[in-house]
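A short write-up of the structure that comes next.
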Amino acid sequence: MQDQMDYQKIGKSAKARRILRNIFVYTMLTFWALIVLFPFYWMVLTSVKSYSTYNAEYIPKFFTLAPTLANYADAFTSVSLGRYLLNTLLFTVVTTALMLFVTTLAAFAFARLEFRGKNLIFTLFLALMMIPNELVIITNFVTVTNADLRNTFTGLILPSVTSVFYIYLLRENFAQIPDTLYYAAKVDGTSDLRYLRRVMLPICRPTLITIGILKIIECWNSYVWPRLITDDADYYLVSNGIQEIRENGFGRENIPAMMAAVVVISLPLIVLFLIFRKKVMEGVSRGGMKG
Amino acid sequence: MEKRTMKAWLYLLPAILFLGVFMVYPLVDVLIYSFEEGYNSASQSFFGVGGYNYSYVLHDPYFLQALKNTFLLVVITVPASTALALLVSVGLSSIKPLRDLFQTIYFLPYVTNTLAVGLVFMILFKKTAYSDGLINLFLHWFGSPSIDFIEGPYWAKMFVLCFYTIWVVLPFKILILTSALASVNQDYYNAARVDGTRRGRIFRRITLPMISPMIFYLVITGFIGAFKAYSDAVALFGTDLNAAGMNTIVGYVYDMLYGDSGGYPSYASAAAILLFAIVLTITCINLLVSKKHVHYSK
C-alpha cells in the first residue's frame with residue numbers, strides 16, 4: 001500500500017513538472033511570436049488610422065475604432081508607389097527568368113556533359129561563391145556608369161543575374177538523375193537540349209521552383225545595387241521608393257500614409273511565402289542567406 | 001578542340017560571360033583601384049601607385065567610427081542572436097501542438113523588405129514633438145524618462161540597431177537549428193533516458209555536441225553577415241549615416257563611391273579590401289577555434 005502511494009506521488013510530481021515546463025515553453029514561444037508579429041500589427045494598424053487621429057494621439061492607441069482606407073489611396077496617388085511596384089515586378093521577373101536560363105545551362109554542362117577542364121572550371125566556380133558582393137560592386141558601378149547604363153533596366157538587371165550557389169544547387173540535383181535515362185535517350189536519338197527540356201527539367205522542377213522563389217525574394221528586397229545605379233525616381237525599385245517616400249514623400253509627418261506604402265510593399269512576399277511555405281523554408285535551410 | 005568540348009563550353013558560355021564581366025574582372029580591378037593614388041573618375045587618370053588610399057581610409061574619422069560601430073554590432077548581435085535562436089529552437093522542438101504555426105510566424109521577418117519594416121521600427125522607437133512613441137510609452141510604465149532612440153544618445157541608437165538586426169537574422173538561425181535538432185538520432189536520447197540522465201545533462205552532453213557543427217556554421221555566417229551590415233542601419237537612421245554617427249564599413253564603402261560624399265572609387269576599394277581582410281581573418285580564427293570545440297560525427 002505504502003509503495004503504491006509513493007509511485008502515485010512520483011507520477012504526480014513528474015506530471016506537475018511536465019505541465020510547468022510546458023507552461024514555461026509556451027510562454028516563451030508566445031512572447032517571441034508577439035515580438036515578431038508586433039511590428040506587422042503596428043504597421044497595419046497605423047495604416048488604417050486617419051492622419052488627424054494619428055497625430056492627435058500623444059499616447060499611441062493599440063486599436064482604432066474608425067479604420068479608413070484613405071491612406072492607401074494616398075499612397076498610390078500622391079507618390080508613385082504604383083510605379084515602384086511595377087518597376088520591381090519587371091526587375092524581379094526578368095532577373096529571375098534570366099537567372100534560371102543561365103543556371104540551367106551551366107548546371108547541365110557540369111552535371112551531364114564530359115569535357116576537358118570540367119573539374120578545374122567547376123572548382124573555379126565554387127571559389128567564386130566566397131567572393132562578397134561588396135568587393136565587386138565598386139567596379140560594376142564604374143562599368144555600368146561608363147557604359148551609360150545608369151537609370152536603365154539593363155544596368156539594373158545584368159549584374160544581378162548570376163548566382164554561383166544556384167548553379168551548384170541545381171547541378172547537385174541534376175547529378176542525381178540516373179545515367180541510364182540519358183543513354184536511353186541517346187539511343188533514341190534525342191538531342192542534349194531536348195533531353196534537358198523533356199527529362200531533366202520536369203524531374204528537377206521542385207529545385208527550380210525553390211531557387212526561383214529564393215531569387216524572387218532576393219530581387220524584391222534588393223536595395224544596394226538599385227540605389228547606386230538609379231537616381232531617377234522613374235526607375236526606383238520598392239526599397240529605394242520607400243526610402244524616397246520617407247525622405248521627401250508625403251512630408252515627413254504623414255506616417256499613416258507611409259505605413260500604407262509599407263504594407264503594400266510587404267504584402268506580395270508574405271503572400272508568396274504563405275503559399276510556398278514548405279518550399280521556401282526548405283530552400284533557405286539548404287543554404288539561402290539574407291541579402 | 002573536339003566537338004564535345006566545344007558544345008559543353010557553349011552551354012557554359014552565358015554563365016562564364018556574366019561571371020567574368022561582373023565578378024572576376026571586378027575582383028582584379030578592385031585591387032588595382034585600391035593601389036592607384038589620386039584616381040580621377042572624370043579623366044580616368046591617376047598619378048601614382050602605392051598604399052596611400054589605405055592610409056587615408058585608416059586615418060579617416062568616419063571610417064574609424066564605422067569600424068567601431070560594426071565591431072560593436074558584431075560583438076553584440078552574433079552571440080545574442082545565436083543564443084536566442086538556440087533557446088527558441090529547443091523550445092520549438094519540445095512541443096507538438098502549434099509548432100507549425102510558431103515556425104511560420106518566426107520565419108516572417110526573412111521574407112520582409114528590410115527597408116520597409118525598418119521604417120516601422122523607426123516609428124516605434126522614435127520620439128517626436130507629437131508623440132513619444134510606443135517604446136517610450138512602455139518605458140514610462142516602468143518609471144523611466146523617455147529616450148530618443150533614433151536621434152538621441154549613441155548607446156540608444158546602437159541598441160535599436162542591434163535589436164533590429166537580431167529581429168532580422170533570427171528566422172534563418174531558428175530554421176537551421178530546428179532542423180539540426182530534428183536530425184539528432186533519437187537512440188541517444190532513449191539510451192540516456194534509460195540511464196536516468198537529467199535533462200540538463202542530456203542537453204549539454206548529447207544535444208549540444210550533436211548540433212555543434214550547425215551552431216558553428218551559424219556563428220561563421222553570422223559574423224560574415226554582421227560585418228556586412230548596412231541596409232538595417234539605413235532603414236533606421238536614413239541614408240546619411242555619417243551624420244547620424246551610425247555608419248558601418250559597408251556603408252562607408254558606398255558613401256565613398258556614390259552620393260553626396262562620393263566619387264572616390266579608390267578609397268572605396270581600399271575600404272572594401274580592408275573589410276574583406278577583416279572578415280577573412282575572423283573566419284580563419286573561427287575555423288581554428290572550432291577544431292577544438294566542434295564535434296563532427298564520422
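Chain identifiers are assigned as A, B, and so on, following the order in which chains appear in the C-alpha cells; residues are numbered from 1 within each chain, and ligands are numbered from 1 in order of appearance.
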Provide as a PDB file with N, CA and C atoms, in the first residue's frame the residues of chain A at most 6 Å from chain B, counting only C-alpha atoms.
```
ATOM      1  N   VAL A  25       7.608  26.834 -21.631  1.00  0.00           N
ATOM      2  CA  VAL A  25       7.981  26.815 -23.054  1.00  0.00           C
ATOM      3  C   VAL A  25       6.981  27.607 -23.889  1.00  0.00           C
ATOM      4  N   TYR A  58      -1.141  61.552 -28.577  1.00  0.00           N
ATOM      5  CA  TYR A  58       0.185  61.724 -27.960  1.00  0.00           C
ATOM      6  C   TYR A  58       0.642  60.388 -27.378  1.00  0.00           C
ATOM      7  N   VAL A 102      20.365  30.881 -67.443  1.00  0.00           N
ATOM      8  CA  VAL A 102      21.823  30.754 -67.361  1.00  0.00           C
ATOM      9  C   VAL A 102      22.216  29.597 -66.438  1.00  0.00           C
ATOM     10  N   LEU A 105      21.547  26.008 -67.968  1.00  0.00           N
ATOM     11  CA  LEU A 105      22.528  25.592 -68.976  1.00  0.00           C
ATOM     12  C   LEU A 105      23.862  25.211 -68.324  1.00  0.00           C
ATOM     13  N   ALA A 106      24.322  26.047 -67.381  1.00  0.00           N
ATOM     14  CA  ALA A 106      25.608  25.777 -66.752  1.00  0.00           C
ATOM     15  C   ALA A 106      25.545  24.494 -65.922  1.00  0.00           C
ATOM     16  N   ALA A 109      25.699  21.462 -68.120  1.00  0.00           N
ATOM     17  CA  ALA A 109      27.048  21.166 -68.610  1.00  0.00           C
ATOM     18  C   ALA A 109      27.871  20.477 -67.520  1.00  0.00           C
ATOM     19  N   PHE A 115      33.784  16.985 -70.584  1.00  0.00           N
ATOM     20  CA  PHE A 115      34.682  17.785 -71.417  1.00  0.00           C
ATOM     21  C   PHE A 115      35.956  18.064 -70.656  1.00  0.00           C
ATOM     22  N   LEU A 135      32.785  43.541 -52.657  1.00  0.00           N
ATOM     23  CA  LEU A 135      34.097  43.692 -53.272  1.00  0.00           C
ATOM     24  C   LEU A 135      33.990  43.993 -54.762  1.00  0.00           C
ATOM     25  N   VAL A 136      32.982  43.436 -55.403  1.00  0.00           N
ATOM     26  CA  VAL A 136      32.892  43.591 -56.857  1.00  0.00           C
ATOM     27  C   VAL A 136      31.961  44.727 -57.266  1.00  0.00           C
ATOM     28  N   THR A 139      33.586  48.107 -58.960  1.00  0.00           N
ATOM     29  CA  THR A 139      33.905  48.082 -60.380  1.00  0.00           C
ATOM     30  C   THR A 139      32.644  48.007 -61.227  1.00  0.00           C
ATOM     31  N   PRO A 159      23.979  42.854 -63.758  1.00  0.00           N
ATOM     32  CA  PRO A 159      24.881  42.397 -62.701  1.00  0.00           C
ATOM     33  C   PRO A 159      24.174  41.571 -61.625  1.00  0.00           C
ATOM     34  N   ASN A 221      13.698  42.457 -52.496  1.00  0.00           N
ATOM     35  CA  ASN A 221      14.242  43.207 -51.372  1.00  0.00           C
ATOM     36  C   ASN A 221      15.546  43.910 -51.675  1.00  0.00           C
ATOM     37  N   SER A 239      12.442  49.238 -52.525  1.00  0.00           N
ATOM     38  CA  SER A 239      13.293  49.610 -51.388  1.00  0.00           C
ATOM     39  C   SER A 239      13.717  51.068 -51.471  1.00  0.00           C
ATOM     40  N   VAL A 262       4.219  50.834 -46.800  1.00  0.00           N
ATOM     41  CA  VAL A 262       4.992  49.709 -46.285  1.00  0.00           C
ATOM     42  C   VAL A 262       4.182  48.416 -46.358  1.00  0.00           C
ATOM     43  N   SER A 266       5.187  45.091 -48.490  1.00  0.00           N
ATOM     44  CA  SER A 266       5.489  43.835 -47.795  1.00  0.00           C
ATOM     45  C   SER A 266       4.561  42.696 -48.205  1.00  0.00           C
ATOM     46  N   SER A 285      16.937  26.617 -45.843  1.00  0.00           N
ATOM     47  CA  SER A 285      17.776  25.808 -44.950  1.00  0.00           C
ATOM     48  C   SER A 285      18.851  25.068 -45.735  1.00  0.00           C
TER      49      SER A 285
END
```
Just want the 6 Å neighbourhood of segment 81-94 of chain A, counted on only C-alpha atoms, with same-chain residues fewer than 3 positions away dropped. Output as a VMD selection string. chain A and resid 76 97 216 219 236 to 238
If you measure from atom CA of Leu274 of chain A to atom CA of Ile209 of chain A, what distance in Å do you get, rounded to one decimal?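 Rounded to one decimal, the two atoms are 14.8 Å apart.
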Which residues are near segment 193-203 of chain A? Cut-off 9 Å, only C-alpha atoms, ignore same chain within fewer than 5 positions. Put them as a list of chain:residue names.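 Returned residues: A:Thr104, A:Leu105, A:Phe108, A:Phe174, A:Ile177, A:Leu181, A:Tyr182, A:Ala185, A:Lys186, A:Leu208.
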Atom pair atom CA of Tyr168 of chain A + atom CA of Arg286 of chain A, distance 11.5 Å
Contacts of segment 140-152 of chain B at 9 Å (only C-alpha atoms; same-chain gap of 2+ positions) as a compact mmCIF listing (two decimals) with N, CA and C atoms, in the first residue's frame:
```txt
# COMPACT_ATOMS: atom_id res chain seq x y z
N MET B 122 11.54 52.26 -36.77
CA MET B 122 11.89 53.65 -36.51
C MET B 122 10.73 54.37 -35.83
N PHE B 125 10.25 53.41 -32.20
CA PHE B 125 11.27 53.88 -31.26
C PHE B 125 11.43 55.39 -31.25
N LYS B 126 10.94 56.05 -32.28
CA LYS B 126 11.25 57.47 -32.44
C LYS B 126 10.44 58.35 -31.50
N LYS B 127 11.07 59.42 -31.07
CA LYS B 127 10.40 60.40 -30.23
C LYS B 127 10.23 61.67 -31.05
N THR B 128 9.02 62.14 -31.22
CA THR B 128 8.80 63.37 -31.98
C THR B 128 8.09 64.37 -31.09
N ASP B 132 5.72 60.58 -27.98
CA ASP B 132 6.97 59.99 -27.51
C ASP B 132 7.25 58.64 -28.16
N ILE B 135 7.57 52.72 -27.72
CA ILE B 135 8.54 52.11 -26.81
C ILE B 135 8.71 52.99 -25.58
N ASN B 136 8.67 54.32 -25.80
CA ASN B 136 8.78 55.22 -24.66
C ASN B 136 7.58 55.11 -23.74
N LEU B 137 6.41 54.79 -24.33
CA LEU B 137 5.22 54.56 -23.51
C LEU B 137 5.50 53.40 -22.55
N PHE B 138 6.08 52.32 -23.07
CA PHE B 138 6.43 51.18 -22.21
C PHE B 138 7.42 51.62 -21.13
N TYR B 154 24.20 57.82 -28.23
CA TYR B 154 24.80 56.76 -29.04
C TYR B 154 24.34 55.37 -28.62
N TRP B 155 24.36 55.11 -27.30
CA TRP B 155 24.01 53.75 -26.85
C TRP B 155 22.59 53.40 -27.22
N ALA B 156 21.67 54.41 -27.20
CA ALA B 156 20.28 54.14 -27.54
C ALA B 156 20.16 53.76 -29.01
N LYS B 157 20.89 54.50 -29.87
CA LYS B 157 20.86 54.20 -31.30
C LYS B 157 21.44 52.80 -31.56
N MET B 158 22.54 52.52 -30.85
CA MET B 158 23.17 51.21 -31.01
C MET B 158 22.21 50.11 -30.58
N PHE B 159 21.47 50.37 -29.51
CA PHE B 159 20.53 49.37 -29.03
C PHE B 159 19.48 49.06 -30.09
N VAL B 160 18.89 50.10 -30.69
CA VAL B 160 17.87 49.85 -31.72
C VAL B 160 18.47 49.08 -32.89
N LEU B 236 16.83 52.47 -40.40
CA LEU B 236 16.52 53.13 -39.13
C LEU B 236 16.92 54.60 -39.14
N PHE B 237 18.11 54.89 -39.68
CA PHE B 237 18.66 56.23 -39.48
C PHE B 237 18.71 57.07 -40.76
N ALA B 244 24.51 60.73 -38.80
CA ALA B 244 23.89 60.11 -37.64
C ALA B 244 24.94 59.43 -36.75
```
Quick one: everything within 10 Å of Met130 of chain A, counting only C-alpha atoms, minus sequence neighbours fewer than 5 positions away in the same chain. Send it as a PyMOL selection string. chain A and resi 125+164-165
Take the residues just selected and output them with C-alpha atoms as a tab-separated table (two decimals), in the first residue's frame.
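File produced: out-v7.tsv:
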```tsv
chain	number	residue	atom	x	y	z
A	125	PHE	CA	33.07	28.50	-59.98
A	164	VAL	CA	27.04	30.61	-58.37
A	165	PHE	CA	25.28	28.99	-55.46
```
Show me, as a count of residues only, the residues that have an atom within 8 Å of Asn240 of chain A when counting only C-alpha atoms, minus same-chain residues fewer than 6 positions from it. 3
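Atom CA of Met43 of chain A sits 29.4 Å away from atom CA of Phe24 of chain A.
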Surrounding residues of segment 145-148 of chain A excluding itself and chain neighbours under 2 positions, 12 Å, only C-alpha atoms, as a list in words: Ile137, Ile138, Thr139, Asn140, Phe141, Val142, Thr143, Arg150, Asn151, Thr152, Phe153, Thr154, Gly155, Leu156, Leu228, Ile229 and Thr230 of chain A; Ser41, Ala42, Ser43, Gln44, Leu257, Tyr258 and Gly263 of chain B
As number ranges by chain, please: every residue in segment 19-213 of chain A that DSSP puts in helix (DSSP H, G or I). A: 19-47, 51-56, 70-77, 81-112, 118-128, 133-146, 153-160, 164-175, 179-187, 192-203, 205-213
